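For reference, upload.cif (mmCIF, C-alpha atoms):
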```
data_query
#
loop_
_atom_site.group_PDB
_atom_site.id
_atom_site.type_symbol
_atom_site.label_atom_id
_atom_site.label_comp_id
_atom_site.auth_asym_id
_atom_site.auth_seq_id
_atom_site.Cartn_x
_atom_site.Cartn_y
_atom_site.Cartn_z
ATOM 1 C CA MET G 1 16.859 31.343 11.671
ATOM 2 C CA ALA G 2 13.792 29.212 12.439
ATOM 3 C CA LYS G 3 11.077 30.511 14.699
ATOM 4 C CA LEU G 4 11.550 28.844 18.094
ATOM 5 C CA ASN G 5 8.086 29.419 19.550
ATOM 6 C CA THR G 6 5.587 28.406 16.884
ATOM 7 C CA ARG G 7 2.627 28.818 19.267
ATOM 8 C CA ALA G 8 3.445 32.432 20.201
ATOM 9 C CA GLY G 9 1.795 33.932 17.168
ATOM 10 C CA ALA G 10 -1.400 31.845 17.429
ATOM 11 C CA ASP G 11 -3.940 32.424 14.694
ATOM 12 C CA ALA G 12 -4.937 36.078 15.235
ATOM 13 C CA ARG G 13 -8.257 35.471 13.474
ATOM 14 C CA HIS G 14 -9.359 33.647 16.620
ATOM 15 C CA MET G 15 -8.588 36.527 19.013
ATOM 16 C CA ARG G 16 -11.730 37.536 20.929
ATOM 17 C CA THR G 17 -12.960 40.958 22.084
ATOM 18 C CA GLY G 18 -15.788 42.122 24.339
ATOM 19 C CA LYS G 19 -18.268 41.963 21.477
ATOM 20 C CA ASP G 20 -17.828 38.191 21.526
ATOM 21 C CA GLY G 21 -18.871 37.871 25.174
ATOM 22 C CA ALA G 22 -22.234 37.861 26.892
ATOM 23 C CA PHE G 23 -23.669 37.600 30.384
ATOM 24 C CA TYR G 24 -26.800 35.533 31.016
ATOM 25 C CA SER G 25 -29.051 34.702 33.930
ATOM 26 C CA SER G 26 -29.245 31.056 34.992
ATOM 27 C CA ASP G 27 -32.411 30.828 32.862
ATOM 28 C CA GLY G 28 -30.451 31.812 29.738
ATOM 29 C CA VAL G 29 -31.841 35.360 29.563
ATOM 30 C CA LEU G 30 -29.283 37.820 28.159
ATOM 31 C CA LEU G 31 -28.535 40.523 30.741
ATOM 32 C CA ALA G 32 -27.927 43.165 28.107
ATOM 33 C CA THR G 33 -27.242 46.115 30.402
ATOM 34 C CA ILE G 34 -24.036 44.559 31.785
ATOM 35 C CA GLU G 35 -21.133 46.508 30.295
ATOM 36 C CA SER G 36 -18.382 44.273 31.630
ATOM 37 C CA PHE G 37 -17.837 41.448 34.073
ATOM 38 C CA GLN G 38 -14.873 39.688 35.616
ATOM 39 C CA SER G 39 -14.454 36.598 37.758
ATOM 40 C CA GLN G 40 -11.331 35.879 39.764
ATOM 41 C CA ALA G 41 -10.083 33.079 41.992
ATOM 42 C CA ALA G 42 -8.065 34.024 45.085
ATOM 43 C CA PHE G 43 -5.972 31.310 46.758
ATOM 44 C CA ASN G 44 -4.975 31.456 50.416
ATOM 45 C CA ASN G 45 -2.175 29.097 51.335
ATOM 46 C CA ALA G 46 -1.043 27.961 54.758
ATOM 47 C CA LYS G 47 2.673 28.494 55.367
ATOM 48 C CA TYR G 48 4.703 25.932 57.278
ATOM 49 C CA SER G 49 8.279 24.950 57.936
ATOM 50 C CA VAL G 50 9.755 21.677 59.103
ATOM 51 C CA LEU G 51 12.748 20.815 61.243
ATOM 52 C CA GLY G 52 15.966 20.527 59.301
ATOM 53 C CA ASP G 53 14.711 22.621 56.343
ATOM 54 C CA ALA G 54 15.320 26.373 56.243
ATOM 55 C CA GLN G 55 12.945 26.810 53.325
ATOM 56 C CA GLU G 56 9.406 27.935 54.051
ATOM 57 C CA HIS G 57 6.654 25.933 52.323
ATOM 58 C CA GLU G 58 3.001 26.482 51.487
ATOM 59 C CA GLY G 59 0.038 24.204 51.114
ATOM 60 C CA LEU G 60 -3.367 25.010 49.749
ATOM 61 C CA ASN G 61 -5.688 26.184 52.499
ATOM 62 C CA THR G 62 -8.712 27.960 51.003
ATOM 63 C CA PHE G 63 -9.806 29.643 47.811
ATOM 64 C CA GLY G 64 -12.617 31.999 46.930
ATOM 65 C CA ILE G 65 -14.278 33.164 43.738
ATOM 66 C CA THR G 66 -15.251 36.809 43.329
ATOM 67 C CA PHE G 67 -17.335 38.222 40.536
ATOM 68 C CA THR G 68 -17.585 41.903 39.615
ATOM 69 C CA ALA G 69 -19.743 43.578 36.988
ATOM 70 C CA SER G 70 -20.391 47.045 35.626
ATOM 71 C CA GLN G 71 -23.967 47.752 34.634
ATOM 72 C CA VAL G 72 -25.104 50.591 32.401
ATOM 73 C CA VAL G 73 -28.151 52.055 34.142
ATOM 74 C CA ILE G 74 -30.856 52.120 31.507
ATOM 75 C CA GLU G 75 -33.706 51.164 33.795
ATOM 76 C CA ASP G 76 -33.983 49.718 37.265
ATOM 77 C CA ASP G 77 -33.973 45.984 37.003
ATOM 78 C CA GLN G 78 -34.308 42.844 39.069
ATOM 79 C CA PHE G 79 -30.777 43.146 40.530
ATOM 80 C CA ILE G 80 -31.395 46.470 42.227
ATOM 81 C CA GLU G 81 -34.937 45.461 43.203
ATOM 82 C CA ASP G 82 -33.585 42.274 44.843
ATOM 83 C CA LEU G 83 -30.950 44.319 46.667
ATOM 84 C CA PHE G 84 -33.449 46.822 48.055
ATOM 85 C CA ASP G 85 -35.773 43.950 49.045
ATOM 86 C CA PHE G 86 -32.851 42.412 50.964
ATOM 87 C CA MET G 87 -32.091 45.675 52.770
ATOM 88 C CA ASN G 88 -35.767 45.960 53.788
ATOM 89 C CA GLU G 89 -36.538 42.305 54.562
ATOM 90 C CA GLN G 90 -33.002 41.079 55.355
ATOM 91 C CA ILE G 91 -33.367 37.962 53.200
ATOM 92 C CA MET G 92 -30.163 37.604 51.172
ATOM 93 C CA PRO G 93 -30.685 37.439 47.400
ATOM 94 C CA GLU G 94 -28.997 34.542 45.640
ATOM 95 C CA TRP G 95 -28.262 34.555 41.928
ATOM 96 C CA SER G 96 -26.784 32.246 39.314
ATOM 97 C CA PHE G 97 -25.107 33.539 36.159
ATOM 98 C CA GLN G 98 -23.538 32.309 32.943
ATOM 99 C CA GLY G 99 -20.546 34.004 31.317
ATOM 100 C CA VAL G 100 -20.177 33.196 27.621
ATOM 101 C CA LEU G 101 -17.441 33.852 25.068
ATOM 102 C CA GLN G 102 -18.309 33.037 21.448
ATOM 103 C CA GLY G 103 -15.531 31.673 19.237
ATOM 104 C CA ARG G 104 -15.167 32.478 15.570
ATOM 105 C CA ASN G 105 -15.831 28.855 14.630
ATOM 106 C CA GLY G 106 -19.046 28.627 16.684
ATOM 107 C CA SER G 107 -17.418 27.092 19.766
ATOM 108 C CA GLN G 108 -18.211 28.671 23.128
ATOM 109 C CA GLU G 109 -16.499 29.086 26.448
ATOM 110 C CA ARG G 110 -19.358 28.918 28.940
ATOM 111 C CA VAL G 111 -18.878 29.196 32.712
ATOM 112 C CA VAL G 112 -21.767 28.862 35.179
ATOM 113 C CA TYR G 113 -21.590 30.676 38.537
ATOM 114 C CA ARG G 114 -24.041 29.407 41.189
ATOM 115 C CA GLU G 115 -25.059 30.698 44.620
ATOM 116 C CA VAL G 116 -23.792 34.200 43.890
ATOM 117 C CA ILE G 117 -24.450 36.712 46.661
ATOM 118 C CA PRO G 118 -23.629 40.420 47.065
ATOM 119 C CA SER G 119 -20.227 41.051 48.666
ATOM 120 C CA GLY G 120 -18.253 44.202 49.324
ATOM 121 C CA THR G 121 -19.544 47.507 48.001
ATOM 122 C CA ILE G 122 -22.300 47.974 45.443
ATOM 123 C CA ASP G 123 -23.265 51.247 43.781
ATOM 124 C CA LEU G 124 -26.812 52.219 44.682
ATOM 125 C CA GLN G 125 -26.429 55.404 42.638
ATOM 126 C CA ASN G 126 -23.269 56.647 40.941
ATOM 127 C CA ILE G 127 -23.966 59.782 38.952
ATOM 128 C CA GLY G 128 -21.470 62.131 37.313
ATOM 129 C CA VAL G 129 -21.585 64.857 34.686
ATOM 130 C CA GLY G 130 -21.008 63.854 31.072
ATOM 131 C CA ASP G 131 -20.752 60.092 31.327
ATOM 132 C CA ALA G 132 -23.067 57.130 30.997
ATOM 133 C CA ILE G 133 -24.442 56.271 34.406
ATOM 134 C CA LYS G 134 -23.147 52.918 35.591
ATOM 135 C CA ARG G 135 -23.603 50.764 38.653
ATOM 136 C CA SER G 136 -20.737 48.609 39.954
ATOM 137 C CA TRP G 137 -21.539 45.270 41.536
ATOM 138 C CA SER G 138 -19.371 42.982 43.645
ATOM 139 C CA PHE G 139 -20.323 39.379 44.379
ATOM 140 C CA PHE G 140 -18.984 36.260 46.055
ATOM 141 C CA VAL G 141 -19.539 32.889 44.376
ATOM 142 C CA ASN G 142 -20.387 30.142 46.890
ATOM 143 C CA GLN G 143 -20.187 27.175 44.513
ATOM 144 C CA VAL G 144 -17.180 26.206 42.410
ATOM 145 C CA PRO G 145 -17.758 27.650 38.908
ATOM 146 C CA GLU G 146 -18.568 25.050 36.278
ATOM 147 C CA LEU G 147 -16.775 25.132 32.928
ATOM 148 C CA GLN G 148 -19.523 23.810 30.663
ATOM 149 C CA SER G 149 -17.708 24.293 27.380
ATOM 150 C CA ARG G 150 -14.466 25.808 26.102
ATOM 151 C CA LEU G 151 -13.257 27.550 22.980
ATOM 152 C CA THR G 152 -11.616 25.535 20.262
ATOM 153 C CA VAL G 153 -9.511 26.663 17.317
ATOM 154 C CA ASP G 154 -9.714 24.927 13.956
ATOM 155 C CA ARG G 155 -6.323 24.696 12.287
#
```
Reformat the file's structure so that it appears as structure tokens.
Amino acid sequence: MAKLNTRAGADARHMRTGKDGAFYSSDGVLLATIESFQSQAAFNNAKYSVLGDAQEHEGLNTFGITFTASQVVIEDDQFIEDLFDFMNEQIMPEWSFQGVLQGRNGSQERVVYREVIPSGTIDLQNIGVGDAIKRSWSFFVNQVPELQSRLTVDR
């Protein structure tokens, strides 16, 4: 029997792991203490119904981009300094970041996040016995992320 889905087993040599990713400032400086990061888009649709149609419909209303990161606390850095400055002076910090995934063939997936501000809860201190001390960050992205480049696979 022939294999029906020839794309399902994609070339496993091109599978990526966390060691292939990096997190940079907008100036291209590697933010090496970031253990992990994640960006997500959330879509909020407006529901509506029309006369003569029992089916409910949805149309795009709004969307938002959130960005979360886990930082290994090695030393206090600009992020926490900016946050404490904001709490004292009440001038909101604004950051821009680049998330990068390096492909095996040298290609890169690079996404730029601009006008990133703190949102939700942020760990000021999070200390427990027997584990690396980490600080969780939560951000909201106020500009649409820009896909600057994407991974390719040579076949």
Sel. within 7 Å of pt (-11.9, 37.2, 45.3), counting only C-alpha atoms, output as a list in words: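 Those residues, ordered by chain and then number, are Gln40, Ala41, Ala42, Gly64, Ile65 and Thr66 of chain G.
The nearest approach to Gln38 (chain G) among the residues G:Leu83, G:Leu4, G:Val72, G:Val111, with all atoms listed in the file taken into account, belongs to G:Val111.
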If you apply the PyMOL selection byres ((chain G and resi 144) around 12) to this file, what residues do you get, as a ChimeraX atom specification? /G:39-41,63-66,96,111-116,140-143,145-147
Reference answer for the PyMOL selection byres ((chain G and resi 45) around 8), as a PDB file with C-alpha atoms, in the frame of the given file:
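Output below, filename out09.pdb:
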```
ATOM      1  CA  PHE G  43      -5.972  31.310  46.758  1.00  0.00           C
ATOM      2  CA  ASN G  44      -4.975  31.456  50.416  1.00  0.00           C
ATOM      3  CA  ALA G  46      -1.043  27.961  54.758  1.00  0.00           C
ATOM      4  CA  LYS G  47       2.673  28.494  55.367  1.00  0.00           C
ATOM      5  CA  GLU G  58       3.001  26.482  51.487  1.00  0.00           C
ATOM      6  CA  GLY G  59       0.038  24.204  51.114  1.00  0.00           C
ATOM      7  CA  LEU G  60      -3.367  25.010  49.749  1.00  0.00           C
ATOM      8  CA  ASN G  61      -5.688  26.184  52.499  1.00  0.00           C
ATOM      9  CA  THR G  62      -8.712  27.960  51.003  1.00  0.00           C
TER      10      THR G  62
END
```
Quick check on the file I pasted: which residues fall under the PyMOL selection byres ((chain G and resi 125) around 12)? Write them as a list in words.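 Selected by the PyMOL selection byres ((chain G and resi 125) around 12) here: Gln71, Val72, Val73, Asp76, Ile80, Thr121, Ile122, Asp123, Leu124, Asn126, Ile127, Gly128, Ile133, Lys134, Arg135, Ser136 and Trp137 of chain G.
Atom to atom, CA of Trp95 (chain G) and CA of Ser26 (chain G) stand 7.8 Å apart.
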Taking all atoms listed in the file into account, which of G:Asp53, G:Lys3, G:Ile117, G:Asp20 comes nearest Leu151 (chain G)?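 Answer, going by the shortest atom-to-atom distance: G:Asp20.
Across G:Arg150, G:Pro118, G:Phe23, G:Gly18, the tightest approach to Phe84 (chain G) is made by G:Pro118 when counting all atoms listed in the file.
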Nearest to Leu101 (chain G): which of G:Thr33, G:Ser49, G:Thr152, G:Gln55 is it, counting only C-alpha atoms?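 Closest candidate: G:Thr152.
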Excluding Asp27 (chain G) and any residue of its chain fewer than 3 positions from it, enumerate the residues within 10 Å of it, using only C-alpha atoms, and give them as a list in words.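 My list of contacting residues is Tyr24, Leu30, Ser96, Phe97 and Gln98 of chain G.
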To one decimal place in Å, what is the distance between CA of Glu94 (chain G) and CA of Phe37 (chain G)?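 Going from CA of Glu94 (chain G) over to CA of Phe37 (chain G) covers 17.5 Å.
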